[in-house]
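Structure file coords_10.cif (mmCIF, C-alpha atoms) follows.
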data_input
loop_
_atom_site.label_atom_id
_atom_site.label_comp_id
_atom_site.auth_asym_id
_atom_site.auth_seq_id
_atom_site.Cartn_x
_atom_site.Cartn_y
_atom_site.Cartn_z
CA MET A 1 14.57 5.39 -15.58
CA GLN A 2 11.38 4.19 -17.28
CA HIS A 3 8.05 4.84 -15.60
CA TYR A 4 4.94 2.66 -15.82
CA ASP A 5 1.45 2.96 -14.37
CA ALA A 6 1.80 -0.59 -13.07
CA ILE A 7 4.49 -3.24 -12.95
CA ILE A 8 3.49 -6.89 -12.63
CA LEU A 9 5.94 -9.48 -11.37
CA GLY A 10 5.10 -12.83 -12.95
CA ALA A 11 3.81 -13.70 -16.43
CA GLY A 12 1.60 -16.57 -15.35
CA ALA A 13 -2.18 -16.86 -15.24
CA ALA A 14 -2.86 -14.20 -12.59
CA GLY A 15 -0.17 -11.84 -13.87
CA LEU A 16 -1.30 -11.91 -17.49
CA MET A 17 -4.93 -11.45 -16.49
CA ALA A 18 -3.99 -8.46 -14.34
CA ALA A 19 -1.89 -7.02 -17.19
CA ALA A 20 -4.65 -7.40 -19.79
CA THR A 21 -7.22 -5.87 -17.44
CA ALA A 22 -5.07 -2.87 -16.50
CA GLY A 23 -3.82 -2.34 -20.05
CA GLN A 24 -7.36 -2.27 -21.43
CA ARG A 25 -8.14 0.42 -18.87
CA GLY A 26 -5.54 2.64 -20.53
CA ARG A 27 -2.67 1.85 -18.17
CA ARG A 28 0.95 1.50 -19.26
CA VAL A 29 1.97 -1.87 -17.86
CA LEU A 30 5.26 -3.76 -17.61
CA VAL A 31 5.20 -7.51 -16.93
CA VAL A 32 8.48 -8.99 -15.68
CA ASP A 33 9.32 -12.69 -15.43
CA HIS A 34 12.58 -14.62 -15.10
CA ALA A 35 11.26 -17.37 -17.38
CA ASP A 36 12.05 -17.29 -21.08
CA ALA A 37 8.36 -17.56 -22.09
CA PRO A 38 5.04 -16.51 -20.56
CA GLY A 39 2.50 -18.89 -19.05
CA LYS A 40 4.76 -21.89 -18.56
CA LYS A 41 2.60 -23.51 -15.86
CA ILE A 42 -0.48 -22.93 -17.99
CA LEU A 43 1.14 -24.89 -20.81
CA ILE A 44 1.69 -28.04 -18.72
CA SER A 45 -1.69 -27.95 -16.98
CA GLY A 46 -4.41 -30.46 -17.67
CA GLY A 47 -2.08 -32.75 -19.58
CA GLY A 48 -1.36 -29.89 -21.98
CA ARG A 49 -5.03 -29.04 -22.50
CA CYS A 50 -5.42 -26.62 -19.57
CA ASN A 51 -8.25 -27.26 -17.12
CA PHE A 52 -8.95 -23.54 -17.26
CA THR A 53 -11.88 -23.30 -14.84
CA ASN A 54 -14.57 -25.23 -12.98
CA ILE A 55 -18.26 -24.42 -13.31
CA GLY A 56 -18.75 -25.54 -9.71
CA THR A 57 -16.55 -22.75 -8.36
CA ALA A 58 -17.67 -21.57 -4.94
CA PRO A 59 -15.78 -20.12 -1.96
CA ASP A 60 -16.13 -23.35 0.03
CA ARG A 61 -13.89 -25.10 -2.52
CA PHE A 62 -10.89 -23.04 -1.41
CA LEU A 63 -8.62 -23.35 1.61
CA SER A 64 -7.57 -20.20 3.45
CA ALA A 65 -7.05 -18.99 7.00
CA ASN A 66 -9.94 -16.66 6.11
CA PRO A 67 -12.52 -18.75 4.22
CA HIS A 68 -14.49 -15.60 3.32
CA PHE A 69 -11.64 -13.73 1.65
CA ALA A 70 -12.07 -15.21 -1.83
CA LYS A 71 -15.80 -14.42 -2.06
CA SER A 72 -15.43 -10.88 -3.40
CA ALA A 73 -13.09 -11.59 -6.32
CA LEU A 74 -14.76 -14.89 -7.23
CA GLY A 75 -18.18 -13.26 -7.15
CA ARG A 76 -17.15 -10.45 -9.47
CA TYR A 77 -15.34 -12.61 -12.05
CA THR A 78 -16.98 -15.98 -12.51
CA PRO A 79 -16.30 -19.13 -14.57
CA ALA A 80 -19.02 -17.89 -16.95
CA ASP A 81 -17.07 -14.66 -17.45
CA PHE A 82 -13.89 -16.51 -18.33
CA LEU A 83 -15.75 -18.94 -20.54
CA GLU A 84 -17.22 -15.98 -22.44
CA LEU A 85 -13.65 -14.80 -23.09
CA VAL A 86 -12.59 -18.27 -24.23
CA GLU A 87 -15.49 -18.50 -26.65
CA ALA A 88 -14.88 -14.97 -27.96
CA HIS A 89 -11.45 -16.19 -29.04
CA GLY A 90 -12.94 -19.19 -30.80
CA ILE A 91 -11.35 -21.73 -28.45
CA ALA A 92 -13.21 -25.04 -28.47
CA TRP A 93 -13.71 -26.61 -25.06
CA HIS A 94 -15.35 -29.54 -23.34
CA GLU A 95 -16.52 -30.45 -19.86
CA LYS A 96 -15.05 -33.46 -18.12
CA THR A 97 -16.20 -34.87 -14.80
CA LEU A 98 -17.11 -32.71 -11.82
CA GLY A 99 -17.45 -29.44 -13.75
CA GLN A 100 -13.92 -29.34 -15.11
CA LEU A 101 -13.53 -27.39 -18.37
CA PHE A 102 -10.66 -28.13 -20.78
CA CYS A 103 -9.51 -26.91 -24.18
CA ASP A 104 -10.29 -29.34 -26.99
CA GLY A 105 -6.94 -28.38 -28.49
CA SER A 106 -3.99 -27.08 -26.54
CA ALA A 107 -3.21 -25.03 -23.45
CA ARG A 108 -1.22 -22.83 -25.84
CA GLN A 109 -4.55 -21.40 -26.94
CA ILE A 110 -5.13 -19.99 -23.45
CA VAL A 111 -1.69 -18.36 -23.35
CA ALA A 112 -2.21 -16.94 -26.84
CA MET A 113 -5.60 -15.60 -25.76
CA LEU A 114 -4.12 -13.82 -22.73
CA LEU A 115 -1.32 -12.30 -24.80
CA ASP A 116 -3.86 -11.15 -27.38
CA GLU A 117 -5.89 -9.52 -24.61
CA CYS A 118 -2.71 -7.73 -23.48
CA ASP A 119 -2.15 -6.50 -27.04
CA LYS A 120 -5.66 -5.01 -27.06
CA ALA A 121 -4.48 -2.43 -24.52
CA VAL A 122 -3.40 -0.12 -27.35
CA ARG A 123 -7.05 0.37 -28.35
CA SER A 124 -7.64 2.05 -24.97
CA GLY A 125 -4.47 4.11 -25.01
CA GLY A 126 -2.67 1.66 -22.79
CA SER A 127 0.17 -0.77 -23.38
CA VAL A 128 1.55 -4.02 -22.00
CA ASP A 129 5.29 -4.65 -22.31
CA ILE A 130 6.50 -8.12 -21.36
CA ALA A 131 10.14 -8.48 -20.29
CA LEU A 132 11.34 -12.07 -19.96
CA GLY A 133 14.49 -14.01 -19.19
CA GLN A 134 16.07 -11.99 -16.42
CA SER A 135 15.68 -12.25 -12.65
CA ILE A 136 14.68 -9.30 -10.51
CA GLU A 137 17.65 -7.85 -8.68
CA SER A 138 15.77 -5.66 -6.22
CA VAL A 139 12.42 -4.11 -5.36
CA THR A 140 12.34 -0.95 -3.24
CA HIS A 141 9.79 1.67 -2.26
CA ASP A 142 10.45 5.36 -1.60
CA GLY A 143 7.05 6.11 -0.13
CA THR A 144 5.33 6.89 -3.42
CA GLN A 145 7.05 4.81 -6.09
CA PHE A 146 8.22 1.21 -6.31
CA HIS A 147 11.54 0.67 -8.04
CA VAL A 148 12.15 -2.66 -9.76
CA THR A 149 15.68 -3.41 -10.94
CA ARG A 150 16.47 -6.15 -13.45
CA GLY A 151 19.28 -6.49 -15.98
CA GLY A 152 20.94 -3.41 -14.55
CA LYS A 153 17.91 -1.24 -15.42
CA THR A 154 15.48 0.27 -12.94
CA PHE A 155 11.78 0.81 -13.61
CA ALA A 156 9.47 2.94 -11.47
CA THR A 157 5.73 2.61 -10.78
CA PRO A 158 3.17 3.65 -8.18
CA ARG A 159 1.50 0.23 -8.46
CA LEU A 160 3.18 -3.15 -8.08
CA ILE A 161 1.31 -6.44 -8.54
CA VAL A 162 3.08 -9.55 -7.28
CA ALA A 163 1.96 -12.60 -9.27
CA THR A 164 4.99 -14.86 -8.92
CA GLY A 165 3.06 -17.84 -7.54
CA GLY A 166 4.31 -20.27 -4.93
CA PRO A 167 7.16 -22.78 -4.78
CA SER A 168 5.27 -25.71 -6.33
CA ILE A 169 6.94 -27.30 -9.41
CA PRO A 170 10.40 -25.69 -9.01
CA LYS A 171 11.57 -27.24 -12.30
CA MET A 172 9.26 -24.69 -13.94
CA GLY A 173 11.12 -21.90 -12.17
CA ALA A 174 8.72 -21.61 -9.24
CA THR A 175 10.08 -19.99 -6.09
CA GLY A 176 8.90 -18.46 -2.84
CA TYR A 177 9.88 -14.98 -4.03
CA ALA A 178 6.41 -13.56 -3.33
CA TYR A 179 6.80 -14.49 0.34
CA ASP A 180 10.17 -12.75 0.52
CA LEU A 181 8.64 -9.58 -0.90
CA ALA A 182 5.67 -9.80 1.46
CA ARG A 183 7.97 -10.06 4.47
CA GLN A 184 10.16 -7.24 3.10
CA PHE A 185 7.12 -4.97 3.22
CA GLY A 186 5.95 -6.17 6.62
CA LEU A 187 3.18 -8.54 5.54
CA LYS A 188 2.66 -11.86 7.29
CA VAL A 189 2.91 -15.20 5.51
CA VAL A 190 0.82 -18.24 6.40
CA GLU A 191 3.21 -21.20 6.50
CA PRO A 192 3.33 -22.66 2.98
CA ARG A 193 3.25 -26.39 2.30
CA PRO A 194 2.81 -28.60 -0.79
CA ALA A 195 -0.78 -29.25 -1.86
CA LEU A 196 -2.50 -31.40 -4.47
CA VAL A 197 0.47 -33.70 -4.04
CA PRO A 198 1.00 -37.51 -3.89
CA LEU A 199 1.52 -38.95 -0.39
CA THR A 200 4.27 -41.40 0.53
CA LEU A 201 4.01 -44.54 2.65
CA GLY A 202 6.61 -46.16 4.88
CA GLY A 203 6.88 -48.85 7.56
CA GLU A 204 4.46 -51.76 7.25
CA GLU A 205 2.47 -49.87 4.64
CA THR A 206 5.28 -50.14 2.09
CA LEU A 207 3.74 -53.46 1.01
CA PHE A 208 1.03 -51.41 -0.72
CA ARG A 209 3.72 -50.11 -3.07
CA SER A 210 3.62 -53.54 -4.73
CA LEU A 211 0.27 -52.41 -6.10
CA SER A 212 1.95 -49.68 -8.15
CA GLY A 213 -0.26 -48.84 -11.12
CA VAL A 214 -3.49 -50.14 -9.59
CA ALA A 215 -6.32 -47.59 -9.43
CA SER A 216 -9.80 -47.74 -7.95
CA GLU A 217 -12.64 -45.31 -7.24
CA VAL A 218 -12.75 -44.60 -3.52
CA VAL A 219 -13.81 -42.04 -0.97
CA ALA A 220 -10.67 -40.58 0.60
CA ARG A 221 -10.85 -38.73 3.91
CA ALA A 222 -8.64 -36.28 5.77
CA GLY A 223 -10.28 -35.20 9.00
CA LYS A 224 -13.94 -34.57 8.11
CA THR A 225 -13.20 -33.66 4.49
CA ARG A 226 -14.03 -36.33 1.92
CA PHE A 227 -13.57 -36.68 -1.82
CA ARG A 228 -14.90 -39.40 -4.08
CA GLU A 229 -12.59 -39.94 -7.03
CA ALA A 230 -9.94 -42.40 -8.17
CA ALA A 231 -7.00 -43.36 -5.94
CA LEU A 232 -3.82 -44.69 -7.50
CA PHE A 233 -1.14 -46.79 -5.82
CA THR A 234 2.41 -45.79 -6.80
CA HIS A 235 5.91 -47.08 -6.16
CA ARG A 236 6.18 -44.45 -3.41
CA GLY A 237 2.68 -44.49 -1.93
CA LEU A 238 -0.68 -43.01 -2.90
CA SER A 239 -1.76 -40.66 -5.68
CA GLY A 240 -4.72 -40.10 -7.99
CA PRO A 241 -7.33 -37.33 -7.80
CA ALA A 242 -8.87 -38.45 -4.49
CA ILE A 243 -5.48 -38.47 -2.77
CA LEU A 244 -4.35 -35.18 -4.31
CA GLN A 245 -7.54 -33.59 -3.01
CA VAL A 246 -7.17 -34.78 0.58
CA SER A 247 -3.43 -33.95 0.57
CA SER A 248 -4.34 -30.26 0.80
CA TYR A 249 -6.08 -30.96 4.11
CA TRP A 250 -3.60 -33.53 5.44
CA ARG A 251 -1.03 -32.60 8.08
CA HIS A 252 2.15 -34.55 8.78
CA GLY A 253 1.58 -37.17 11.47
CA GLU A 254 -2.13 -37.52 10.76
CA ALA A 255 -3.84 -40.53 9.18
CA ILE A 256 -6.06 -40.49 6.14
CA GLY A 257 -8.94 -42.91 5.63
CA ILE A 258 -10.05 -44.66 2.45
CA ASP A 259 -13.43 -46.23 1.80
CA PHE A 260 -12.55 -48.84 -0.79
CA LEU A 261 -16.19 -49.81 -1.42
CA PRO A 262 -18.28 -46.62 -1.43
CA ASP A 263 -21.12 -48.27 -3.38
CA CYS A 264 -21.52 -51.26 -1.03
CA ASP A 265 -24.00 -51.05 1.82
CA GLY A 266 -22.86 -51.59 5.37
CA ASP A 267 -23.62 -55.31 5.57
CA TRP A 268 -22.48 -56.39 2.13
CA LEU A 269 -19.88 -58.86 3.44
CA LEU A 270 -22.39 -60.50 5.78
CA ALA A 271 -24.80 -60.78 2.85
CA ALA A 272 -22.05 -62.35 0.73
CA LYS A 273 -21.42 -64.92 3.50
CA ARG A 274 -25.07 -65.92 3.57
CA ALA A 275 -25.35 -66.06 -0.21
CA ALA A 276 -22.13 -68.02 -0.83
CA PRO A 277 -20.50 -69.21 2.42
CA ARG A 278 -17.72 -71.09 0.62
CA THR A 279 -16.54 -67.94 -1.22
CA SER A 280 -13.12 -66.68 -0.15
CA PRO A 281 -12.73 -63.08 1.14
CA ARG A 282 -10.44 -62.36 -1.80
CA ARG A 283 -13.07 -63.48 -4.32
CA ALA A 284 -15.77 -61.47 -2.56
CA LEU A 285 -13.59 -58.36 -2.72
CA ALA A 286 -12.61 -59.02 -6.34
CA GLN A 287 -16.24 -58.63 -7.35
CA HIS A 288 -15.87 -54.94 -6.54
CA LEU A 289 -12.15 -54.19 -6.76
CA PRO A 290 -9.15 -54.85 -9.04
CA ASP A 291 -7.75 -58.35 -8.43
CA ARG A 292 -4.38 -57.25 -7.05
CA LEU A 293 -5.99 -54.81 -4.65
CA ALA A 294 -8.56 -57.39 -3.54
CA GLU A 295 -5.78 -59.90 -2.85
CA THR A 296 -3.70 -57.45 -0.79
CA LEU A 297 -6.65 -56.24 1.27
CA ALA A 298 -7.80 -59.81 1.90
CA GLU A 299 -4.34 -60.72 3.16
CA ARG A 300 -4.32 -57.76 5.56
CA LEU A 301 -7.81 -58.58 6.86
CA ALA A 302 -6.60 -62.11 7.75
CA LEU A 303 -10.06 -63.67 7.60
CA PRO A 304 -10.61 -67.45 7.31
CA ALA A 305 -10.26 -69.02 3.86
CA GLU A 306 -14.04 -69.10 3.44
CA LEU A 307 -16.56 -66.45 4.47
CA GLY A 308 -18.72 -69.10 6.11
CA ALA A 309 -15.95 -69.86 8.59
CA ALA A 310 -15.79 -66.22 9.77
CA THR A 311 -17.96 -64.96 12.60
CA ASP A 312 -20.42 -62.18 11.87
CA LYS A 313 -18.47 -60.01 14.31
CA ALA A 314 -15.23 -60.55 12.37
CA LEU A 315 -16.96 -59.75 9.07
CA ALA A 316 -18.56 -56.63 10.53
CA ALA A 317 -15.12 -55.48 11.71
CA ALA A 318 -13.69 -56.14 8.23
CA GLN A 319 -16.52 -54.14 6.67
CA GLY A 320 -15.76 -51.24 8.98
CA ARG A 321 -12.08 -51.33 8.13
CA LEU A 322 -12.74 -51.45 4.39
CA ALA A 323 -15.07 -48.46 4.76
CA ASP A 324 -12.40 -46.33 6.47
CA TRP A 325 -9.04 -48.02 5.94
CA PRO A 326 -6.40 -46.00 7.77
CA PHE A 327 -3.15 -45.05 6.07
CA HIS A 328 -0.39 -43.17 7.85
CA PRO A 329 1.62 -41.25 5.22
CA ASN A 330 5.17 -40.50 6.27
CA GLY A 331 5.26 -37.46 4.01
CA SER A 332 4.44 -36.20 0.54
CA GLU A 333 6.38 -35.97 -2.70
CA GLY A 334 6.94 -32.30 -1.91
CA TYR A 335 6.95 -29.19 -4.04
CA ALA A 336 8.52 -31.08 -6.95
CA LYS A 337 5.22 -32.92 -7.53
CA ALA A 338 2.79 -30.51 -5.87
CA GLU A 339 0.40 -28.78 -8.27
CA VAL A 340 -0.09 -25.83 -5.92
CA THR A 341 0.87 -24.47 -2.51
CA VAL A 342 -1.35 -24.16 0.56
CA GLY A 343 -0.63 -21.04 2.58
CA GLY A 344 1.05 -17.90 1.33
CA VAL A 345 0.67 -14.16 1.85
CA SER A 346 -1.81 -13.69 4.68
CA THR A 347 -5.19 -12.41 3.57
CA ALA A 348 -5.44 -10.50 6.87
CA GLY A 349 -3.17 -7.85 5.39
CA LEU A 350 -4.93 -7.61 2.00
CA SER A 351 -8.11 -6.02 0.66
CA SER A 352 -10.45 -8.74 -0.62
CA ARG A 353 -11.76 -6.34 -3.26
CA THR A 354 -8.48 -5.03 -4.73
CA MET A 355 -5.87 -7.51 -3.42
CA GLU A 356 -3.94 -4.47 -2.18
CA ALA A 357 -1.82 -4.52 0.97
CA LYS A 358 -3.60 -2.48 3.62
CA ALA A 359 -0.36 -1.17 5.09
CA VAL A 360 1.45 -0.56 1.78
CA PRO A 361 -0.74 1.36 -0.70
CA GLY A 362 -0.05 0.36 -4.30
CA LEU A 363 1.24 -3.13 -3.48
CA HIS A 364 -0.99 -6.01 -4.60
CA PHE A 365 -0.65 -9.81 -4.32
CA VAL A 366 -2.62 -12.17 -6.57
CA GLY A 367 -2.96 -15.81 -7.55
CA GLU A 368 -1.14 -18.64 -5.85
CA ALA A 369 1.06 -16.21 -3.92
CA VAL A 370 -1.94 -15.50 -1.67
CA ASP A 371 -3.24 -17.79 1.08
CA VAL A 372 -6.12 -19.03 -1.10
CA THR A 373 -5.84 -22.56 -2.51
CA GLY A 374 -8.48 -24.32 -4.58
CA TRP A 375 -9.44 -27.93 -5.03
CA LEU A 376 -8.14 -29.95 -7.93
CA GLY A 377 -10.03 -29.40 -11.17
CA GLY A 378 -9.68 -25.83 -12.46
CA TYR A 379 -10.40 -23.98 -9.22
CA ASN A 380 -6.91 -22.53 -8.88
CA PHE A 381 -7.04 -21.13 -12.40
CA GLN A 382 -10.36 -19.47 -11.59
CA TRP A 383 -8.77 -17.88 -8.53
CA ALA A 384 -5.90 -16.67 -10.71
CA TRP A 385 -8.32 -15.09 -13.21
CA ALA A 386 -10.51 -13.55 -10.52
CA SER A 387 -7.74 -12.18 -8.30
CA GLY A 388 -5.75 -10.94 -11.30
CA ARG A 389 -8.84 -9.20 -12.62
CA ALA A 390 -9.49 -7.60 -9.21
CA ALA A 391 -6.00 -6.14 -9.03
CA GLY A 392 -6.02 -5.10 -12.69
CA GLU A 393 -9.22 -3.13 -12.12
CA ALA A 394 -7.70 -1.37 -9.10
CA VAL A 395 -4.47 -0.03 -10.59
#

Encoded form using structure tokens:
Amino acid sequence: MQHYDAIILGAGAAGLMAAATAGQRGRRVLVVDHADAPGKKILISGGGRCNFTNIGTAPDRFLSANPHFAKSALGRYTPADFLELVEAHGIAWHEKTLGQLFCDGSARQIVAMLLDECDKAVRSGGSVDIALGQSIESVTHDGTQFHVTRGGKTFATPRLIVATGGPSIPKMGATGYAYDLARQFGLKVVEPRPALVPLTLGGEETLFRSLSGVASEVVARAGKTRFREAALFTHRGLSGPAILQVSSYWRHGEAIGIDFLPDCDGDWLLAAKRAAPRTSPRRALAQHLPDRLAETLAERLALPAELGAATDKALAAAQGRLADWPFHPNGSEGYAKAEVTVGGVSTAGLSSRTMEAKAVPGLHFVGEAVDVTGWLGGYNFQWAWASGRAAGEAV
């Protein structure tokens, strides 16, 4: 039986960061993953350019049953810290909208950087072995040591870091294995659900599917949470950054609201009537929106053919509807299209400083496996780096 100072389950963002951190502290580390290559979700992120962090990272940009849990790890390993690492490896980067940082080249550079950081462990007397391509058969604990069996071989360690993510994007090999392990060791799991995911429309709202491919900048709302970004109509419903953002807050059976004209003041339609009473509602809308969208919304508003023929009350009602147009999604496109998972291993049972299970010393959960979920735009990677670093420093 081989012994390691730490075994990490999962060779993704959080797992590799934890491995590099622990290895450079002189620890002998084994990273295990059933995939045939490390960092597979990193490679597909950001259209292959990896949106590796967001300079606007703050705890209020994360969903969790305990909104304070992420503060410790995020405060101790910041976007600036990760950016320093990126620049030390000579990786060119650029900032897109809303603080999102991307590689100029390829996401492969981020994976290569993490593997290089793992290799640096030897300088500190540590090591990082990465074992790929075989599923874990069992994980047990004898009170002092964890035993991980894969490929008929058993490995022992006093420290186990679970970095296997959540069930989003199953075609990449994602599973709910972390939740099974958490329950095995008596930890609670906050009900997981798909997040950052397109929403589907049914019933009378299926007519909006005819707008497939049409995009427009909107303010999307779920409850009191609002995001201003692009919304995209699809053949199944609604997508685009604004919709993906609110999907994390949306619950089945609830409505979402869309302000189609966030730059128009409250009485813009009344002003249009007075300025050009013979203008049709469709033409008035088309001055601000894509033609096909303007036509569909005008049909649903059912106003007279000319603005001048509509009462001010009817126009005011139309303005109100356009400012908070209700949609009633009948579901989402599920884990297959979800970028991340909301919910996960309950933070109530974990140390916010070390990510260690309070009731099971030596057992740590990091990354997406934990009930901490960021907004779209690099936040979830920053949580992976920060939580992985926290666990790596503790083992």

Within 9 Å of A:Ala318, counting all atoms listed in the file, which residues show up once you throw out same-chain ones fewer than 6 positions away? Write them as a VMD selection string, please. chain A and resid 269 301 303

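Using all atoms listed in the file, the smallest distance between any of A:Leu196, A:Ala391, A:Ala107, A:Leu376 and A:Trp250 comes from A:Leu196.
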
Selection in question (the file shown): the PyMOL selection byres ((chain A and resi 63-76) around 10). Which residues does it include, as a compact mmCIF listing (two decimals) with C-alpha atoms, keeping the file's coordinate frame?
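The result, written out as expr_10.txt:
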# COMPACT_ATOMS: atom_id res chain seq x y z
CA THR A 57 -16.55 -22.75 -8.36
CA ALA A 58 -17.67 -21.57 -4.94
CA PRO A 59 -15.78 -20.12 -1.96
CA ASP A 60 -16.13 -23.35 0.03
CA ARG A 61 -13.89 -25.10 -2.52
CA PHE A 62 -10.89 -23.04 -1.41
CA TYR A 77 -15.34 -12.61 -12.05
CA THR A 78 -16.98 -15.98 -12.51
CA PRO A 79 -16.30 -19.13 -14.57
CA ASP A 81 -17.07 -14.66 -17.45
CA VAL A 190 0.82 -18.24 6.40
CA SER A 248 -4.34 -30.26 0.80
CA TYR A 249 -6.08 -30.96 4.11
CA VAL A 342 -1.35 -24.16 0.56
CA GLY A 343 -0.63 -21.04 2.58
CA GLY A 344 1.05 -17.90 1.33
CA SER A 346 -1.81 -13.69 4.68
CA THR A 347 -5.19 -12.41 3.57
CA ALA A 348 -5.44 -10.50 6.87
CA LEU A 350 -4.93 -7.61 2.00
CA SER A 351 -8.11 -6.02 0.66
CA SER A 352 -10.45 -8.74 -0.62
CA ARG A 353 -11.76 -6.34 -3.26
CA THR A 354 -8.48 -5.03 -4.73
CA MET A 355 -5.87 -7.51 -3.42
CA VAL A 370 -1.94 -15.50 -1.67
CA ASP A 371 -3.24 -17.79 1.08
CA VAL A 372 -6.12 -19.03 -1.10
CA THR A 373 -5.84 -22.56 -2.51
CA GLY A 374 -8.48 -24.32 -4.58
CA TRP A 375 -9.44 -27.93 -5.03
CA GLN A 382 -10.36 -19.47 -11.59
CA TRP A 383 -8.77 -17.88 -8.53
CA ALA A 384 -5.90 -16.67 -10.71
CA TRP A 385 -8.32 -15.09 -13.21
CA ALA A 386 -10.51 -13.55 -10.52
CA SER A 387 -7.74 -12.18 -8.30
CA GLY A 388 -5.75 -10.94 -11.30
CA ARG A 389 -8.84 -9.20 -12.62
CA ALA A 390 -9.49 -7.60 -9.21
CA ALA A 391 -6.00 -6.14 -9.03

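Going from atom CA of A:Gly125 to atom CA of A:Met1 covers 21.3 Å.
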
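Near A:Glu368, within 8 Å and counting all atoms listed in the file, sit Ala163, Thr164, Gly165, Gly166, Val340, Thr341, Gly344, Asn380 and Ala384 of chain A; same-chain residues fewer than 6 positions away were not included.
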
Of the listed residues A:Ile55, A:Ala195, A:Ala92, A:Cys118, that which approaches A:Tyr335 most closely, counting all atoms listed in the file: A:Ala195
